[in-house]
$ cat query-v5.txt   # compact mmCIF, C-alpha atoms
# COMPACT_ATOMS: atom_id res chain seq x y z
CA MET D 127 -6.71 -45.29 -52.94
CA ALA D 128 -4.15 -45.59 -55.85
CA THR D 129 -0.91 -47.66 -55.66
CA SER D 130 2.07 -47.66 -58.08
CA VAL D 131 5.24 -49.86 -57.99
CA THR D 132 8.58 -48.85 -59.55
CA ASP D 133 11.65 -51.16 -59.89
CA LEU D 134 14.91 -49.19 -59.63
CA ASP D 135 18.24 -51.14 -59.17
CA GLY D 136 16.43 -53.95 -57.47
CA LEU D 137 14.58 -51.71 -55.10
CA VAL D 138 10.87 -51.62 -55.02
CA CYS D 139 9.28 -48.31 -54.18
CA GLU D 140 5.62 -48.12 -53.45
CA THR D 141 3.78 -44.87 -53.69
CA VAL D 142 0.44 -44.67 -52.04
CA SER D 143 -1.90 -41.76 -52.49
CA VAL D 144 -4.41 -41.32 -49.69
CA PRO D 145 -7.56 -39.41 -50.35
CA PRO D 146 -7.91 -36.25 -48.22
CA GLY D 147 -9.90 -36.62 -45.01
CA PRO D 148 -12.80 -34.47 -44.01
CA THR D 149 -11.84 -30.79 -43.58
CA ARG D 150 -12.48 -29.07 -40.23
CA ARG D 151 -14.71 -26.08 -40.53
CA ARG D 152 -13.33 -22.91 -39.02
CA PRO D 153 -15.69 -20.67 -37.08
CA SER D 154 -16.85 -17.67 -38.99
CA PRO D 155 -15.39 -14.25 -38.09
CA ARG D 156 -18.80 -13.17 -36.88
CA ALA D 157 -19.07 -16.11 -34.47
CA SER D 158 -15.56 -15.43 -33.14
CA ARG D 159 -16.41 -11.78 -32.63
CA ILE D 160 -19.61 -12.63 -30.77
CA GLY D 161 -17.74 -15.12 -28.58
CA GLY D 162 -15.06 -12.55 -27.74
CA ILE D 163 -17.68 -9.96 -26.83
CA ALA D 164 -19.46 -12.47 -24.60
CA VAL D 165 -16.24 -13.36 -22.74
CA ARG D 166 -15.31 -9.70 -22.23
CA GLY D 167 -18.85 -8.90 -21.11
CA LEU D 168 -18.76 -11.70 -18.54
CA ALA D 169 -15.36 -10.55 -17.23
CA VAL D 170 -16.53 -6.93 -16.95
CA SER D 171 -19.73 -8.00 -15.19
CA LEU D 172 -17.78 -10.03 -12.63
CA LEU D 173 -15.38 -7.14 -12.00
CA VAL D 174 -18.23 -4.66 -11.59
CA PHE D 175 -19.99 -7.01 -9.17
CA TYR D 176 -16.79 -7.46 -7.15
CA GLY D 177 -16.20 -3.68 -7.14
CA LEU D 178 -19.73 -2.97 -5.87
CA LEU D 179 -19.37 -5.69 -3.24
CA SER D 180 -16.09 -4.17 -2.06
CA VAL D 181 -17.25 -0.55 -1.99
CA TYR D 182 -20.60 -1.23 -0.31
CA PRO D 183 -19.25 -1.15 3.31
CA PHE D 184 -17.55 2.18 2.59
CA LEU D 185 -20.77 3.63 1.15
CA TRP D 186 -22.67 2.36 4.20
CA MET D 187 -20.17 4.09 6.48
CA VAL D 188 -20.50 7.38 4.60
CA SER D 189 -24.28 7.10 4.67
CA GLY D 190 -24.37 6.33 8.39
CA ALA D 191 -22.22 9.36 9.17
CA PHE D 192 -25.08 11.61 7.98
CA LYS D 193 -27.91 9.79 9.81
CA ASP D 194 -29.23 10.17 13.33
CA VAL D 195 -29.16 7.26 15.75
CA GLN D 196 -32.77 6.23 15.09
CA GLU D 197 -32.39 6.10 11.33
CA VAL D 198 -29.06 4.28 11.31
CA THR D 199 -30.53 1.40 13.34
CA SER D 200 -33.90 1.22 11.60
CA SER D 201 -33.23 2.04 7.94
CA GLY D 202 -31.19 -0.06 5.54
CA SER D 203 -31.14 2.56 2.80
CA LEU D 204 -27.85 3.99 1.62
CA LEU D 205 -29.48 7.37 1.10
CA PRO D 206 -30.23 9.18 4.38
CA GLN D 207 -33.88 10.18 4.62
CA ARG D 208 -33.05 13.05 6.97
CA PRO D 209 -29.38 13.91 6.25
CA THR D 210 -27.69 15.89 8.99
CA LEU D 211 -24.22 17.20 9.79
CA GLN D 212 -24.94 17.14 13.53
CA THR D 213 -23.55 13.61 13.83
CA LEU D 214 -20.15 14.69 12.52
CA ILE D 215 -20.16 17.79 14.74
CA ASP D 216 -21.08 15.82 17.86
CA THR D 217 -18.48 13.15 17.12
CA TRP D 218 -15.76 15.75 16.60
CA SER D 219 -16.43 17.38 19.97
CA THR D 220 -17.23 14.24 21.98
CA LEU D 221 -14.23 12.32 20.70
CA ASP D 222 -11.80 15.21 21.25
CA PHE D 223 -10.92 14.68 17.63
CA ALA D 224 -8.56 17.65 17.40
CA LEU D 225 -6.24 16.14 20.04
CA PHE D 226 -6.19 12.67 18.46
CA LEU D 227 -5.70 14.17 15.01
CA ARG D 228 -2.69 16.15 16.20
CA ASN D 229 -1.21 13.05 17.83
CA SER D 230 -1.66 10.98 14.66
CA VAL D 231 -0.13 13.68 12.48
CA VAL D 232 2.93 14.06 14.73
CA LEU D 233 3.49 10.32 15.17
CA THR D 234 3.01 9.56 11.47
CA GLY D 235 5.18 12.49 10.40
CA ILE D 236 8.12 11.50 12.63
CA SER D 237 7.92 7.89 11.45
CA LEU D 238 7.81 8.82 7.76
CA ILE D 239 10.80 11.17 8.07
CA LEU D 240 12.83 8.37 9.67
CA ILE D 241 11.75 5.89 6.99
CA VAL D 242 12.71 8.11 4.04
CA ILE D 243 16.06 9.22 5.48
CA VAL D 244 17.26 5.82 6.67
CA TYR D 245 16.07 3.58 3.86
CA SER D 246 16.91 5.87 0.96
CA LEU D 247 20.48 5.73 2.28
CA ALA D 248 20.28 1.96 2.79
CA GLY D 249 18.94 1.44 -0.73
CA TYR D 250 21.77 3.56 -2.13
CA ALA D 251 24.37 1.55 -0.23
CA LEU D 252 22.98 -1.79 -1.36
CA SER D 253 22.61 -0.65 -4.97
CA VAL D 254 25.68 1.46 -5.69
CA MET D 255 28.36 0.73 -3.11
CA THR D 256 30.33 -2.51 -2.97
CA PHE D 257 31.17 -4.20 0.32
CA PRO D 258 31.46 -7.81 1.53
CA GLY D 259 28.13 -9.51 2.18
CA ARG D 260 26.05 -6.95 0.31
CA ARG D 261 23.82 -9.55 -1.35
CA LEU D 262 23.47 -11.47 1.89
CA VAL D 263 22.32 -8.33 3.72
CA PHE D 264 19.77 -7.58 1.01
CA ALA D 265 18.49 -11.16 1.08
CA GLY D 266 18.12 -10.90 4.86
CA PHE D 267 15.93 -7.82 4.54
CA LEU D 268 13.80 -9.52 1.90
CA ALA D 269 13.38 -12.56 4.17
CA ILE D 270 11.77 -10.31 6.79
CA LEU D 271 8.88 -9.78 4.36
CA PHE D 272 7.76 -13.35 5.06
CA VAL D 273 7.70 -12.92 8.85
CA PRO D 274 4.21 -12.06 10.20
CA GLY D 275 4.34 -8.82 12.15
CA VAL D 276 2.23 -10.18 15.01
CA THR D 277 5.00 -12.66 15.88
CA THR D 278 7.30 -9.77 16.81
CA LEU D 279 4.74 -7.99 19.01
CA LEU D 280 5.68 -9.60 22.34
CA PRO D 281 9.49 -9.33 21.85
CA LEU D 282 9.01 -5.71 20.78
CA VAL D 283 7.01 -4.84 23.90
CA LEU D 284 9.59 -6.53 26.13
CA LEU D 285 12.34 -4.56 24.38
CA PHE D 286 10.42 -1.33 24.93
CA TYR D 287 10.09 -2.21 28.61
CA GLU D 288 13.84 -2.80 28.97
CA LEU D 289 14.67 0.46 27.15
CA GLY D 290 12.06 2.53 28.98
CA LEU D 291 10.16 3.31 25.78
CA LEU D 292 6.70 2.20 26.86
CA ASN D 293 4.02 4.89 26.53
CA SER D 294 6.24 7.00 24.27
CA TRP D 295 6.00 8.11 20.67
CA THR D 296 9.74 7.54 20.29
CA GLY D 297 9.37 3.79 20.70
CA LEU D 298 6.40 3.69 18.32
CA ALA D 299 8.21 5.74 15.67
CA LEU D 300 11.24 3.45 15.86
CA ALA D 301 9.01 0.38 15.63
CA PHE D 302 7.12 1.76 12.62
CA ALA D 303 10.38 2.66 10.88
CA ASN D 304 11.81 -0.79 11.57
CA GLY D 305 8.73 -2.51 10.21
CA ALA D 306 8.96 -0.54 6.96
CA ALA D 307 12.53 -1.64 6.26
CA PRO D 308 12.08 -4.61 3.84
CA LEU D 309 9.66 -3.03 1.38
CA ALA D 310 11.22 0.45 1.54
CA ILE D 311 14.73 -0.88 0.87
CA LEU D 312 13.42 -3.00 -2.01
CA ILE D 313 11.70 -0.01 -3.63
CA PHE D 314 14.68 2.34 -3.26
CA LYS D 315 17.22 -0.25 -4.40
CA SER D 316 15.15 -1.17 -7.46
CA LEU D 317 14.95 2.46 -8.51
CA TYR D 318 18.67 3.12 -7.91
CA ASP D 319 19.53 0.01 -9.94
CA SER D 320 17.73 1.50 -12.95
CA ILE D 321 19.89 4.66 -12.89
CA PRO D 322 22.85 4.35 -15.33
CA ARG D 323 26.06 3.47 -13.59
CA GLU D 324 27.91 6.03 -15.70
CA ILE D 325 26.32 8.83 -13.64
CA HIS D 326 27.97 7.56 -10.49
CA GLU D 327 31.32 7.02 -12.19
CA ALA D 328 31.32 10.50 -13.72
CA ALA D 329 30.57 12.07 -10.34
CA ARG D 330 33.40 10.12 -8.71
CA ILE D 331 35.82 11.28 -11.40
CA ASP D 332 34.78 14.87 -10.64
CA GLY D 333 35.74 14.31 -7.00
CA ALA D 334 32.27 14.08 -5.42
CA SER D 335 31.93 12.10 -2.21
CA GLU D 336 29.47 9.22 -1.87
CA PHE D 337 27.10 11.26 0.26
CA ARG D 338 27.16 14.18 -2.20
CA ILE D 339 26.41 11.80 -5.10
CA TYR D 340 23.50 10.41 -3.11
CA TRP D 341 22.17 13.83 -2.07
CA ARG D 342 22.66 15.75 -5.34
CA LEU D 343 22.09 13.03 -7.96
CA TYR D 344 20.36 9.89 -6.74
CA LEU D 345 17.89 11.30 -4.21
CA PRO D 346 16.31 13.81 -6.64
CA LEU D 347 15.83 10.99 -9.16
CA ALA D 348 14.18 8.86 -6.47
CA ARG D 349 11.09 11.06 -6.14
CA PRO D 350 8.68 8.34 -7.41
CA ALA D 351 10.15 5.86 -4.92
CA ILE D 352 9.90 8.39 -2.09
CA ILE D 353 6.24 9.06 -2.89
CA THR D 354 5.47 5.33 -3.02
CA VAL D 355 7.16 4.66 0.30
CA LEU D 356 5.39 7.61 1.89
CA VAL D 357 1.94 6.58 0.67
CA LEU D 358 2.27 2.90 1.64
CA ASN D 359 3.62 3.63 5.10
CA PHE D 360 1.31 6.56 5.73
CA VAL D 361 -1.69 4.28 5.31
CA SER D 362 -0.29 1.54 7.56
CA ILE D 363 0.95 3.89 10.32
CA TRP D 364 -2.16 6.08 10.27
CA ASN D 365 -4.43 3.04 10.71
CA GLU D 366 -2.23 1.12 13.17
CA TYR D 367 -4.15 0.02 16.24
CA VAL D 368 -2.68 -3.13 17.84
CA LEU D 369 0.84 -1.88 18.58
CA THR D 370 -0.30 1.56 19.71
CA ALA D 371 -2.94 0.02 21.98
CA VAL D 372 -0.29 -2.17 23.65
CA VAL D 373 2.40 0.51 23.99
CA LEU D 374 0.39 3.65 24.84
CA SER D 375 -1.43 4.01 28.15
CA ASP D 376 -1.82 7.79 28.39
CA PRO D 377 -5.06 8.97 26.69
CA GLU D 378 -3.38 12.29 25.94
CA LYS D 379 -1.04 10.42 23.54
CA TYR D 380 -3.68 8.32 21.80
CA SER D 381 -3.84 8.30 18.01
CA LEU D 382 -7.09 8.41 16.05
CA PRO D 383 -7.73 4.63 15.94
CA LEU D 384 -7.35 4.43 19.72
CA GLY D 385 -9.59 7.44 20.21
CA LEU D 386 -12.20 5.92 17.94
CA GLN D 387 -12.23 2.84 20.15
CA ASN D 388 -13.71 4.98 22.93
CA LEU D 389 -16.95 5.15 20.95
CA LEU D 390 -17.21 1.37 21.16
CA SER D 391 -16.43 1.17 24.87
CA THR D 392 -19.76 2.54 26.09
CA ASN D 393 -22.73 0.47 27.24
CA VAL D 394 -24.86 1.71 24.35
CA VAL D 395 -22.98 2.04 21.06
CA ARG D 396 -24.20 4.86 18.86
CA TRP D 397 -23.37 3.45 15.44
CA ASN D 398 -23.89 6.71 13.63
CA ASP D 399 -21.16 8.27 15.80
CA VAL D 400 -18.88 5.29 15.08
CA MET D 401 -19.40 5.71 11.34
CA ALA D 402 -18.85 9.45 11.58
CA GLY D 403 -15.58 8.87 13.44
CA SER D 404 -14.52 6.25 10.89
CA LEU D 405 -15.22 8.72 8.08
CA LEU D 406 -13.13 11.40 9.78
CA LEU D 407 -10.35 8.82 10.19
CA VAL D 408 -10.30 7.73 6.55
CA VAL D 409 -10.66 11.14 4.87
CA PRO D 410 -6.94 12.09 5.31
CA VAL D 411 -5.88 8.75 3.79
CA ILE D 412 -8.09 9.30 0.74
CA PHE D 413 -6.85 12.88 0.37
CA VAL D 414 -3.17 11.86 0.49
CA PHE D 415 -3.65 9.04 -2.01
CA VAL D 416 -5.59 11.18 -4.48
CA LEU D 417 -2.98 13.94 -4.20
CA LEU D 418 -0.01 11.62 -4.80
CA GLN D 419 -1.49 8.84 -6.92
CA ARG D 420 0.27 9.98 -10.10
CA TYR D 421 3.71 9.51 -8.54
CA PHE D 422 2.60 6.33 -6.81
CA VAL D 423 1.49 4.67 -10.06
CA SER D 424 4.58 5.80 -11.97
CA SER D 425 6.86 4.24 -9.36
CA ILE D 426 4.91 0.97 -9.27
CA THR D 427 5.14 0.65 -13.06
CA GLY D 428 8.86 1.37 -12.92
CA ALA D 429 8.77 4.59 -14.91
CA VAL D 430 12.07 6.37 -14.20
CA LYS D 431 12.80 9.48 -16.27
$ encode --input "query-v5.txt" --output "structure tokens"
Amino acid sequence: MATSVTDLDGLVCETVSVPPGPTRRRPSPRASRIGGIAVRGLAVSLLVFYGLLSVYPFLWMVSGAFKDVQEVTSSGSLLPQRPTLQTLIDTWSTLDFALFLRNSVVLTGISLILIVIVYSLAGYALSVMTFPGRRLVFAGFLAILFVPGVTTLLPLVLLFYELGLLNSWTGLALAFANGAAPLAILIFKSLYDSIPREIHEAARIDGASEFRIYWRLYLPLARPAIITVLVLNFVSIWNEYVLTAVVLSDPEKYSLPLGLQNLLSTNVVRWNDVMAGSLLLVVPVIFVFVLLQRYFVSSITGAVK
């Protein structure tokens, strides 16, 4: 350590030079690269393990649908030793699958039409139009997202009883449409907010009414939002069991999940038939998602062209 003293106008300045301390060695580029590869490899391995763990029940269901009753209860292999289509054929005829499929298609279709018509208009009103309490109304719809659906089951059934809507598709369609309100309005409003305001102003200057602006300009641009709302609600309505089981009492009006329950109501459950029925139930959902996934992903990522 070196010290020097300088006298300048009565002031003493002391300069101290401190020898440099030990330098910290940086990891070599090769070590950093190896460490990064190890971290990515561990993350990929965990994701692959989680994916296999998640898809295993589905693979077991598909495998069981092509086994006979002896093999499905005695063999744990995912590959059927004696694959057969007879299980699917028997399940289709025994379950009266054509009737339940028609009921599910009609009920889901009516509900989805109501959802798109009502909430595309509601999203337009909350996004474009100005009226007192607009933000409060939107906040109220968002608050419904935090209310568990099961808490509204008993009041909903009592309301159906008072209105004479028990054992009717009309009541179920209205209930499904009402339950879709918060998320559907959020999706439509978010998309309408991304559309330049100048489009609306130019249309108003040209003398177009609000409904014509919505129908000719905003609704065509909302195709990604419409697809997203349709896919999300199609899955939930198609698979709904609790509300339909409480409301419907006529077997002729049962949807597919209720019809599938008949396979579990016997004294001896044939698990291969249950898996075959489950496969028939889930195939339309997979088909719809694969068909519309491009629009679904583009809406989720907010891509508006």
$ closest_residue --input "query-v5.txt" --among "D:Leu347, D:Leu227, D:Ile331, D:Ile339" --to "Phe314 in chain D" --atoms "all atoms listed in the file"
D:Leu347
$ residues_around --input "query-v5.txt" --residues "range 230-233 of chain D" --least-positions-apart "5" --cutoff "12 Å" --atoms "only C-alpha atoms" --output "PyMOL selection string"
chain D and resi 223-225+238-240+294-303+360-367+370+378-385+407+410-411
$ closest_residue --input "query-v5.txt" --among "D:Leu289, D:Val414, D:Val283, D:Ile311" --to "Gly266 in chain D" --atoms "only C-alpha atoms"
D:Ile311
$ closest_residue --input "query-v5.txt" --among "D:Thr256, D:Ser246, D:Asn229, D:Thr278" --to "Ala307 in chain D" --atoms "all atoms listed in the file"
D:Ser246
$ closest_residue --input "query-v5.txt" --among "D:Ala402, D:Val355, D:Ala348, D:Leu292" --to "Lys193 in chain D" --atoms "all atoms listed in the file"
D:Ala402
$ atom_distance --input "query-v5.txt" --atom1 "CA of Asn304 in chain D" --atom2 "CA of Val368 in chain D"
16.0 Å
$ closest_residue --input "query-v5.txt" --among "D:Ala191, D:Val394, D:Leu268, D:Leu369" --to "Leu204 in chain D" --atoms "all atoms listed in the file"
D:Ala191
$ closest_residue --input "query-v5.txt" --among "D:Arg166, D:Arg349, D:Arg338, D:Arg396" --to "Gln196 in chain D" --atoms "only C-alpha atoms"
D:Arg396
$ atom_distance --input "query-v5.txt" --atom1 "CA of Phe264 in chain D" --atom2 "CA of Asp332 in chain D"
29.4 Å
$ atom_distance --input "query-v5.txt" --atom1 "CA of Ile353 in chain D" --atom2 "CA of Leu418 in chain D"
7.0 Å
$ residues_around --input "query-v5.txt" --residues "Gln212 in chain D" --least-positions-apart "5" --cutoff "9 Å" --atoms "all atoms listed in the file" --output "ChimeraX atom specification"
/D:192-194,217
